[in-house]
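This report refers to the structure that appears directly beneath it.
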Amino acid sequence: MPDEGPWPEVWKSGQQSMDAPGLIPPLIGAPLSSRSGAVAGIVEDLLVDAASHRPIWLLVRLDGVVAPYTFVPAERMASRTGSVVVPFDEKVLHEAPVRLASPAGCGREHAATLSRHYGVRVPPGEARGLRTAAWADDLSSSAAA
């Protein structure tokens, strides 16, 4: 059996599929569930380390809040039937200190603040969103129209 790296429990589900060899199963658009299993929002983007291409942050849209976009550490996330589960309570997710009205990237200042909130270390590299560039293009096109 090939080496599964640091993500063995995350991707063992037989219901997951790969978009292409070497890519993780689709997460964007999946419901985000708290540790208790309650759905807290939707995964809108996956931010990966620019050098290693490992997931660092999930950009999520929380349900029922005014500024719904925030980031959740991708570390220790798990893929369960039909959702992504993170090891945080729903209250912790909703109390995230970084809240945005629209999708955006996660700068170093946001990363440090969120890392303290979630009790994880600040990721060493720059994180790039898989969809953020497309959103920026859409927003600038809308503004020009």
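Chains: A, B, ... in order of the structure tokens. Residues: from 1 per chain. Ligands: from 1, in order shown.
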
For Arg121 (chain A): contacts at 12 Å, only C-alpha atoms, fewer than 3 positions along chain excluded, given as a list in words: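 Surrounding residues, per the criterion: Ile56, Pro73, Ala74, Glu75, Ala111, Ala112, Thr113, Leu114, Ser115, Arg116, His117, Tyr118, Pro124 and Gly125 of chain A.
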
Selected residues written out with C-alpha atoms, as an mmCIF file, in the first residue's frame:
data_model
loop_
_atom_site.group_PDB
_atom_site.id
_atom_site.type_symbol
_atom_site.label_atom_id
_atom_site.label_comp_id
_atom_site.auth_asym_id
_atom_site.auth_seq_id
_atom_site.Cartn_x
_atom_site.Cartn_y
_atom_site.Cartn_z
ATOM 1 C CA ILE A 56 -3.932 25.355 5.266
ATOM 2 C CA PRO A 73 -7.833 25.697 9.901
ATOM 3 C CA ALA A 74 -7.690 22.771 7.482
ATOM 4 C CA GLU A 75 -5.451 20.914 9.930
ATOM 5 C CA ALA A 111 -3.753 34.069 9.919
ATOM 6 C CA ALA A 112 -2.097 35.085 13.209
ATOM 7 C CA THR A 113 -5.397 36.237 14.758
ATOM 8 C CA LEU A 114 -7.248 33.107 13.663
ATOM 9 C CA SER A 115 -4.423 30.804 14.750
ATOM 10 C CA ARG A 116 -4.643 32.226 18.276
ATOM 11 C CA HIS A 117 -8.439 31.833 18.245
ATOM 12 C CA TYR A 118 -8.332 28.180 17.144
ATOM 13 C CA PRO A 124 4.708 29.269 7.803
ATOM 14 C CA GLY A 125 4.012 29.804 4.111
#

A:Arg61, A:Arg80, A:His53, A:Arg108 ranked by distance to His94 (chain A), top pick (using only C-alpha atoms): A:Arg61

Between CA of Val92 (chain A) and CA of Gly64 (chain A) - distance in Å to one decimal: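 Going from CA of Gly64 (chain A) over to CA of Val92 (chain A), I get 14.9 Å.
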
Ile28 (chain A) surroundings by only C-alpha atoms, 6 Å radius, close-in-sequence under 4 positions cut, as an NGL selection string: :A and (43-45)

Excluding Gly41 (chain A) and residues on its chain fewer than 6 positions from it, collect all residues at most 7 Å away from it, counting only C-alpha atoms, and give them as a PDB file with C-alpha atoms, in the first residue's frame.
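Written file, out.pdb:
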ATOM      1  CA  PRO A  31     -21.206  21.537   4.135  1.00  0.00           C
ATOM      2  CA  LEU A  32     -18.883  22.401   7.030  1.00  0.00           C
ATOM      3  CA  VAL A  60     -16.216  29.151   4.826  1.00  0.00           C
ATOM      4  CA  ARG A  61     -19.541  30.941   4.605  1.00  0.00           C
ATOM      5  CA  LEU A  62     -21.268  30.640   7.961  1.00  0.00           C
ATOM      6  CA  ASP A  63     -25.042  30.333   8.161  1.00  0.00           C
TER       7      ASP A  63
END

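Of note, CA of Ala96 (chain A) and CA of Ala127 (chain A) are spaced 18.5 Å apart.
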
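Our summary of the geometry notes that CA of Leu27 (chain A) is positioned 13.4 Å from CA of Arg54 (chain A).
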
DSSP-assigned strand (DSSP E or B) members of region 25-128 of chain A, reported as JSON, numbers by chain: {"A": [31, 32, 33, 39, 40, 41, 42, 43, 44, 45, 46, 47, 48, 49, 55, 56, 57, 58, 59, 60, 61, 62, 69, 70, 71, 72, 73, 78, 79, 80, 83, 84, 85, 100, 127, 128]}

Dump of C-alpha atoms for the selected residues, as a short mmCIF file (atom, residue, chain, number, x, y, z; two decimals), in the first residue's frame:
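Result saved to out_7.cif:
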data_model
loop_
_atom_site.label_atom_id
_atom_site.label_comp_id
_atom_site.auth_asym_id
_atom_site.auth_seq_id
_atom_site.Cartn_x
_atom_site.Cartn_y
_atom_site.Cartn_z
CA PRO A 31 -21.21 21.54 4.14
CA LEU A 32 -18.88 22.40 7.03
CA SER A 33 -19.77 20.56 10.22
CA VAL A 39 -23.72 22.02 9.97
CA ALA A 40 -22.27 25.51 10.51
CA GLY A 41 -21.79 26.66 6.91
CA ILE A 42 -20.40 25.84 3.47
CA VAL A 43 -16.78 25.47 2.32
CA GLU A 44 -16.32 28.20 -0.30
CA ASP A 45 -12.60 27.82 -1.01
CA LEU A 46 -9.57 25.82 0.00
CA LEU A 47 -6.40 27.79 0.69
CA VAL A 48 -3.23 25.83 0.11
CA ASP A 49 0.42 26.46 0.92
CA PRO A 55 -4.40 22.62 2.64
CA ILE A 56 -3.93 25.35 5.27
CA TRP A 57 -7.29 27.14 5.60
CA LEU A 58 -10.88 26.57 4.57
CA LEU A 59 -12.71 29.72 3.52
CA VAL A 60 -16.22 29.15 4.83
CA ARG A 61 -19.54 30.94 4.60
CA LEU A 62 -21.27 30.64 7.96
CA TYR A 69 -17.04 34.64 5.48
CA THR A 70 -14.23 33.46 7.73
CA PHE A 71 -11.39 30.96 7.76
CA VAL A 72 -11.09 27.65 9.60
CA PRO A 73 -7.83 25.70 9.90
CA ALA A 78 -12.02 15.07 8.14
CA SER A 79 -14.18 14.17 5.19
CA ARG A 80 -17.38 12.46 6.28
CA SER A 83 -19.54 17.06 4.63
CA VAL A 84 -16.23 18.32 5.97
CA VAL A 85 -15.89 18.03 9.75
CA LEU A 100 -15.63 39.28 5.95
CA ALA A 127 -1.70 30.53 1.42
CA ARG A 128 -3.39 30.80 -1.97
#

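The closest residue to Pro68 (chain A), picked from A:Val86, A:Ala104, A:Ala51, A:Ala38 and counting only C-alpha atoms, is A:Ala104.
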
Closest of A:Gly82, A:Lys91, A:Glu109, A:Pro103 to Pro26 (chain A) - atom-to-atom distances counting only C-alpha atoms: A:Gly82
